[in-house]
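Visitor: Provided herewith is a single structure, encoded as structure tokens, for subsequent inquiry.
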Amino acid sequence: MQPIVIYIIGLLVLAVCAFLLIKRQRDAGAKFQSEIANQEKQIAELEQASSQKQEEIARIAQKYESAANDLKASIHYAERIQRAVIPHDTEFKSLFPDCFIYFAPRDIVSGDFYTCASSPNCKIAIVADCTGHGVPGGLLSMLGMSALKDLLSKQNITTDFNPGEILDSLRKFVLTSLAEADESDDTTVSDGMDITLCVFDNNMTQIRYATANHTIYVARNGEINKLKGSRMPIGRHPRQETPFESFTYDLQPGDMVYLCSDGIQDQFGSPANIKFTTKRLAAMLQNHCNKDTQTQYADISKVVDEWKVGREQFDDQTLIGIRI
């Protein structure tokens with residue numbers, strides 16, 4: 001009997017061990033399934049959170065895209081208004097038939113502007129460069145154009161007209177207008193503009209001019225002459241009480257008179273990434289001054305484009321050439 005008892009006990013031990021092993025495996029399997037279920041739940045929660053976050057990001061992106069489109073549409077509308085105020089080429093050429101106008105804003109709206117006017121005795125050409133570019137420069141340019149139109153309408157423009165007095169009045173207007181902005185937000189606005197104002201007699205034999213930080217270039221017989229002017233801006237300046245000077249310069253048939261902002265000479269370019277400079281500007285004008293005005297426009301545009309290739313435009317650029 002003893003061997004049978006031992007055998008039975010052995011079977012019982014094996015049965016108990018098998019039961020415990022199976023139970024342990026079942027418990028481990030259940031725990032594993034539970035962990036998988038928890039992980040799947042966490043993954044589902046993360047996916048839901050991610051989906052919600054993506055939807056939130058998409059809503060925010062759509063909101064900003066809509067705001068950007070509205071802003072861009074507003075700026076384009078501002079461009080249309082500015083373009084309506086700046087004279088069309090045909091209007092400018094009705095006073096100066098043999099001329100070209102290179103006008104290249106850096107942004108959609110421009111801090112540069114040009115305009116023209118006439119009286120029974122004279123023709124006027126103006127190029128101005130307001131502080132900044134884009135929307136701020138564009139707003140200041142609108143202020144300047146409006147003020148100039150008003151000032152010129154009140155003047156009796158004759159051959160002895162004093163353009164320096166117009167710049168004095170324009171400076172007074174700008175300082176007064178910007179002083180009101182200072183009072184409204186406790187800041188100091190030092191903006192203003194540089195400008196050239198040229199008065200041509202109807203026979204185009206002489207110009208009376210005044211400048212604020214601008215240079216007039218006159219090409220004659222292949223040589224470039226730089227006409228002196230006042231070295232102070234329309235705006236705040238240590239010499240803001242000093243009147244702008246008026247000058248007279250006699251013209252000859254075939255001369256080219258160039259009015260410009262500082263945008264071209266300040267443009268960075270070339271492999272050395274240096275400014276174009278006034279020296280290169282004068283040399284460029286000298287190289288092309290004997291060509292007809294439309295060829296000058298095409299060739300000068302090409303020179304400027306090739307100079308700045310691969311680089312952003314630094315500032316608004318304006319250059320007007322008038323053949324006498």
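Please note that chains go A, B, ... in the order of the structure tokens, that every chain numbers its residues from 1, and that ligands are numbered from 1 in the order shown.
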Neighbouring residues of Asp266 of chain A were defined as those with any atom within 8 Å, considering only C-alpha atoms; residues of the same chain fewer than 3 positions away were excluded. Please report them as a VMD selection string.
Guide: chain A and resid 262 to 263 275 to 277 314 to 315
Visitor: I want to know what sits within 8 Å of Asp194 of chain A, based on only C-alpha atoms, with residues of the same chain fewer than 2 positions away left out; could you give that as a ChimeraX atom specification?
Guide: /A:128-130,192,196,211-214,232-234,261
Visitor: What gap, in Å, lies between atom CA of Ile224 of chain A and atom CA of Gln296 of chain A?
Guide: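 Between these atoms lies a distance of 15.1 Å.
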Visitor: If you run DSSP on the backbone, which residues of segment 6-183 of chain A are alpha helix (DSSP H), as number ranges by chain?
Guide: A: 6-85, 89-95, 134-153, 163-183
Visitor: Would you write out those residues with C-alpha atoms, as a CSV table (one decimal), in the first residue's frame?
Guide:
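Result written to selection_34.csv:
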chain,number,residue,atom,x,y,z
A,6,ILE,CA,3.2,7.7,-2.4
A,7,TYR,CA,2.0,7.7,-6.0
A,8,ILE,CA,-1.3,9.3,-5.0
A,9,ILE,CA,0.5,12.0,-3.0
A,10,GLY,CA,2.8,12.6,-5.9
A,11,LEU,CA,-0.2,13.0,-8.2
A,12,LEU,CA,-1.8,15.4,-5.8
A,13,VAL,CA,1.3,17.5,-5.6
A,14,LEU,CA,1.6,17.6,-9.4
A,15,ALA,CA,-2.1,18.5,-9.6
A,16,VAL,CA,-1.6,21.3,-7.1
A,17,CYS,CA,1.5,22.6,-8.9
A,18,ALA,CA,-0.3,22.4,-12.2
A,19,PHE,CA,-3.2,24.3,-10.8
A,20,LEU,CA,-1.0,27.0,-9.3
A,21,LEU,CA,1.0,27.3,-12.5
A,22,ILE,CA,-2.2,27.6,-14.6
A,23,LYS,CA,-3.7,30.1,-12.1
A,24,ARG,CA,-0.4,32.1,-12.2
A,25,GLN,CA,-0.5,32.1,-16.0
A,26,ARG,CA,-4.1,33.2,-16.0
A,27,ASP,CA,-3.4,35.9,-13.5
A,28,ALA,CA,-0.4,37.1,-15.6
A,29,GLY,CA,-2.5,37.0,-18.7
A,30,ALA,CA,-5.3,38.9,-17.1
A,31,LYS,CA,-2.8,41.5,-15.8
A,32,PHE,CA,-1.2,41.7,-19.2
A,33,GLN,CA,-4.7,42.2,-20.8
A,34,SER,CA,-5.5,44.8,-18.3
A,35,GLU,CA,-2.2,46.7,-19.0
A,36,ILE,CA,-2.9,46.5,-22.7
A,37,ALA,CA,-6.4,47.8,-22.1
A,38,ASN,CA,-5.1,50.6,-20.0
A,39,GLN,CA,-2.5,51.5,-22.7
A,40,GLU,CA,-5.1,51.4,-25.4
A,41,LYS,CA,-7.3,53.6,-23.3
A,42,GLN,CA,-4.3,56.0,-22.8
A,43,ILE,CA,-3.5,55.9,-26.5
A,44,ALA,CA,-7.2,56.6,-27.3
A,45,GLU,CA,-7.2,59.6,-24.8
A,46,LEU,CA,-3.9,60.9,-26.3
A,47,GLU,CA,-5.3,60.5,-29.8
A,48,GLN,CA,-8.4,62.4,-28.8
A,49,ALA,CA,-6.4,65.1,-27.1
A,50,SER,CA,-4.1,65.3,-30.2
A,51,SER,CA,-7.1,65.5,-32.5
A,52,GLN,CA,-8.7,68.3,-30.3
A,53,LYS,CA,-5.3,70.1,-30.2
A,54,GLN,CA,-5.0,69.8,-34.0
A,55,GLU,CA,-8.5,71.1,-34.4
A,56,GLU,CA,-7.6,74.0,-32.1
A,57,ILE,CA,-4.4,74.7,-34.0
A,58,ALA,CA,-6.4,74.6,-37.3
A,59,ARG,CA,-8.9,77.0,-35.9
A,60,ILE,CA,-6.2,79.4,-34.7
A,61,ALA,CA,-4.4,79.1,-38.0
A,62,GLN,CA,-7.6,79.8,-39.9
A,63,LYS,CA,-8.2,82.8,-37.7
A,64,TYR,CA,-4.8,84.3,-38.3
A,65,GLU,CA,-4.9,83.5,-42.0
A,66,SER,CA,-8.3,85.3,-42.2
A,67,ALA,CA,-6.8,88.2,-40.3
A,68,ALA,CA,-3.7,88.3,-42.5
A,69,ASN,CA,-5.9,88.2,-45.7
A,70,ASP,CA,-8.0,91.0,-44.3
A,71,LEU,CA,-4.9,93.0,-43.5
A,72,LYS,CA,-3.4,92.3,-47.0
A,73,ALA,CA,-6.6,93.3,-48.6
A,74,SER,CA,-6.6,96.6,-46.6
A,75,ILE,CA,-3.0,97.2,-47.6
A,76,HIS,CA,-3.8,96.6,-51.3
A,77,TYR,CA,-6.7,99.0,-51.0
A,78,ALA,CA,-4.3,101.5,-49.4
A,79,GLU,CA,-2.0,100.9,-52.4
A,80,ARG,CA,-4.9,101.7,-54.8
A,81,ILE,CA,-5.6,105.0,-52.9
A,82,GLN,CA,-1.9,105.9,-53.0
A,83,ARG,CA,-1.6,105.1,-56.7
A,84,ALA,CA,-4.7,107.3,-57.3
A,85,VAL,CA,-3.0,110.2,-55.6
A,89,ASP,CA,2.8,108.4,-66.1
A,90,THR,CA,0.6,110.1,-68.7
A,91,GLU,CA,-0.1,113.0,-66.4
A,92,PHE,CA,3.6,113.5,-65.6
A,93,LYS,CA,4.5,113.2,-69.3
A,94,SER,CA,1.9,115.8,-70.2
A,95,LEU,CA,4.2,118.3,-68.5
A,134,GLY,CA,5.4,100.0,-46.1
A,135,VAL,CA,2.3,101.2,-44.2
A,136,PRO,CA,4.0,103.8,-41.9
A,137,GLY,CA,5.9,105.3,-44.8
A,138,GLY,CA,2.8,105.2,-46.9
A,139,LEU,CA,0.7,107.1,-44.3
A,140,LEU,CA,3.4,109.7,-44.0
A,141,SER,CA,3.6,110.0,-47.8
A,142,MET,CA,-0.2,110.6,-48.0
A,143,LEU,CA,0.3,113.3,-45.4
A,144,GLY,CA,3.1,114.9,-47.4
A,145,MET,CA,1.2,114.8,-50.7
A,146,SER,CA,-1.9,116.3,-49.2
A,147,ALA,CA,0.1,119.1,-47.6
A,148,LEU,CA,2.0,119.9,-50.8
A,149,LYS,CA,-1.2,120.0,-52.8
A,150,ASP,CA,-2.7,122.4,-50.4
A,151,LEU,CA,0.4,124.6,-50.2
A,152,LEU,CA,0.9,124.8,-53.9
A,153,SER,CA,-2.7,125.6,-54.5
A,163,PRO,CA,10.5,126.8,-53.6
A,164,GLY,CA,12.4,127.0,-50.3
A,165,GLU,CA,9.4,128.8,-48.8
A,166,ILE,CA,7.2,125.8,-49.7
A,167,LEU,CA,9.6,123.5,-47.9
A,168,ASP,CA,9.6,125.8,-44.9
A,169,SER,CA,5.7,125.7,-44.8
A,170,LEU,CA,5.8,121.9,-45.3
A,171,ARG,CA,8.2,121.4,-42.4
A,172,LYS,CA,6.0,123.6,-40.2
A,173,PHE,CA,2.9,121.5,-41.2
A,174,VAL,CA,4.8,118.2,-40.5
A,175,LEU,CA,6.2,119.3,-37.2
A,176,THR,CA,2.7,120.6,-36.1
A,177,SER,CA,1.0,117.4,-37.2
A,178,LEU,CA,3.5,115.1,-35.5
A,179,ALA,CA,3.5,117.2,-32.4
A,180,GLU,CA,-0.2,116.4,-32.0
A,181,ALA,CA,0.7,112.7,-32.3
A,182,ASP,CA,3.2,113.2,-29.5
A,183,GLU,CA,0.6,114.7,-27.2
Visitor: Per residue of segment 119-230 of chain A within 8 Å of segment 248-256 of chain A, note the shortest atom pair and the distance in Å to one decimal, counting only C-alpha atoms, and order the rows by chain and increasing residue number, as a Markdown table.
Guide:
| residue | atom | partner | partner_atom | distance |
| --- | --- | --- | --- | --- |
| A:Met204 | CA | A:Leu251 | CA | 7.0 |
| A:Thr205 | CA | A:Leu251 | CA | 4.8 |
| A:Gln206 | CA | A:Asp250 | CA | 4.4 |
| A:Ile207 | CA | A:Tyr249 | CA | 5.4 |
| A:Arg208 | CA | A:Thr248 | CA | 4.5 |
| A:Tyr209 | CA | A:Thr248 | CA | 6.5 |
| A:Val218 | CA | A:Met256 | CA | 5.5 |
| A:Ala219 | CA | A:Met256 | CA | 5.0 |
| A:Arg220 | CA | A:Asp255 | CA | 5.0 |
| A:Asn221 | CA | A:Asp255 | CA | 7.6 |
Visitor: Write the selection just made, keeping C-alpha atoms, as a PDB file, in the first residue's frame?
Guide:
ATOM      1  CA  MET A 204      12.766 124.624 -69.846  1.00  0.00           C
ATOM      2  CA  THR A 205      15.733 126.982 -69.801  1.00  0.00           C
ATOM      3  CA  GLN A 206      16.076 127.252 -66.025  1.00  0.00           C
ATOM      4  CA  ILE A 207      15.117 125.548 -62.810  1.00  0.00           C
ATOM      5  CA  ARG A 208      14.534 127.049 -59.394  1.00  0.00           C
ATOM      6  CA  TYR A 209      14.775 124.366 -56.789  1.00  0.00           C
ATOM      7  CA  VAL A 218      22.219 117.136 -64.162  1.00  0.00           C
ATOM      8  CA  ALA A 219      23.916 115.380 -67.088  1.00  0.00           C
ATOM      9  CA  ARG A 220      25.388 117.648 -69.760  1.00  0.00           C
ATOM     10  CA  ASN A 221      27.647 116.539 -72.588  1.00  0.00           C
TER      11      ASN A 221
END
Visitor: How would you write, as a list of chain:residue names, the set of residues in segment 49-190 of chain A that DSSP gives as strand (DSSP E)?
Guide: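 Listing strand (DSSP E) positions across segment 49-190 of chain A yields A:Cys99, A:Phe100, A:Ile101, A:Tyr102, A:Phe103, A:Ala104, A:Asp112, A:Phe113, A:Tyr114, A:Thr115, A:Cys116, A:Ala117, A:Ser118, A:Cys122, A:Lys123, A:Ile124, A:Ala125, A:Ile126, A:Val127, A:Ala128, A:Asp129, A:Cys130.
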Visitor: Which residue, A:Ile86, A:Val257, A:Ala298, A:Ile126, has the smallest gap to Leu197 of chain A when you use only C-alpha atoms?
Guide: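 Answer, going by the shortest atom-to-atom distance: A:Ile126.
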Visitor: For Glu312 of chain A, find every residue with an atom within 10 Å (counting only C-alpha atoms), except residues of its own chain fewer than 4 positions away, and show them as a PDB file with C-alpha atoms, in the first residue's frame.
Guide:
ATOM      1  CA  ARG A 106       9.858  97.938 -51.283  1.00  0.00           C
ATOM      2  CA  GLN A 267      20.598  99.092 -51.835  1.00  0.00           C
ATOM      3  CA  PHE A 268      22.900  96.257 -50.774  1.00  0.00           C
ATOM      4  CA  GLY A 269      24.182  93.955 -53.484  1.00  0.00           C
ATOM      5  CA  LYS A 308      20.270  93.379 -55.788  1.00  0.00           C
TER       6      LYS A 308
END
Visitor: Rank A:Thr293, A:Phe247, A:Arg311, A:Asn287 by their smallest atom-to-atom distance to Asn273 of chain A, using only C-alpha atoms, and report the top residue only.
Guide: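 Residue with the minimum atom-to-atom distance to Asn273 of chain A: A:Arg311.
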Visitor: Find the residues around Phe100 of chain A up to 7 Å (only C-alpha atoms counted), leave out those fewer than 5 positions away in its own chain, and share them as number ranges by chain.
Guide: A: 293-294, 297, 320-322
Visitor: Keeping only N, CA and C atoms, write the selected residues as a PDB file, in the first residue's frame.
Guide:
ATOM      1  N   THR A 293      15.209 108.350 -73.281  1.00  0.00           N
ATOM      2  CA  THR A 293      14.737 108.136 -71.914  1.00  0.00           C
ATOM      3  C   THR A 293      14.171 106.729 -71.684  1.00  0.00           C
ATOM      4  N   GLN A 294      13.495 106.170 -72.664  1.00  0.00           N
ATOM      5  CA  GLN A 294      12.933 104.832 -72.462  1.00  0.00           C
ATOM      6  C   GLN A 294      14.019 103.763 -72.414  1.00  0.00           C
ATOM      7  N   TYR A 297      15.512 104.008 -68.994  1.00  0.00           N
ATOM      8  CA  TYR A 297      14.678 103.330 -68.005  1.00  0.00           C
ATOM      9  C   TYR A 297      14.946 101.824 -68.004  1.00  0.00           C
ATOM     10  N   ILE A 320      13.623 109.705 -61.310  1.00  0.00           N
ATOM     11  CA  ILE A 320      12.942 110.328 -62.456  1.00  0.00           C
ATOM     12  C   ILE A 320      13.973 111.074 -63.288  1.00  0.00           C
ATOM     13  N   GLY A 321      13.974 110.814 -64.581  1.00  0.00           N
ATOM     14  CA  GLY A 321      14.875 111.506 -65.499  1.00  0.00           C
ATOM     15  C   GLY A 321      14.078 112.330 -66.482  1.00  0.00           C
ATOM     16  N   ILE A 322      14.447 113.606 -66.634  1.00  0.00           N
ATOM     17  CA  ILE A 322      13.729 114.524 -67.526  1.00  0.00           C
ATOM     18  C   ILE A 322      14.703 115.079 -68.553  1.00  0.00           C
TER      19      ILE A 322
END
Visitor: Mind pulling up the distance from atom CA of Ser118 of chain A to atom CA of Asn290 of chain A?
Guide: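 Taking atom CA of Asn290 of chain A and atom CA of Ser118 of chain A, their separation equals 27.1 Å.
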Visitor: Please compute the atom CA of Ile101 of chain A-atom CA of Cys116 of chain A distance, one decimal, in Å.
Guide: 12.2 Å
Visitor: Which residue gives the smallest distance to Thr115 of chain A among A:Ala272, A:Pro97, A:Glu306, A:His88, with only C-alpha atoms counted?
Guide: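 Ranking A:Ala272, A:Pro97, A:Glu306, A:His88 by distance to Thr115 of chain A, first place goes to A:His88.
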Visitor: For Phe200 of chain A, which of A:Pro243, A:Pro120, A:Gly235, A:Pro87 is the closest residue, counting only C-alpha atoms?
Guide: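 Closest to Phe200 of chain A, using only C-alpha atoms: A:Pro120.
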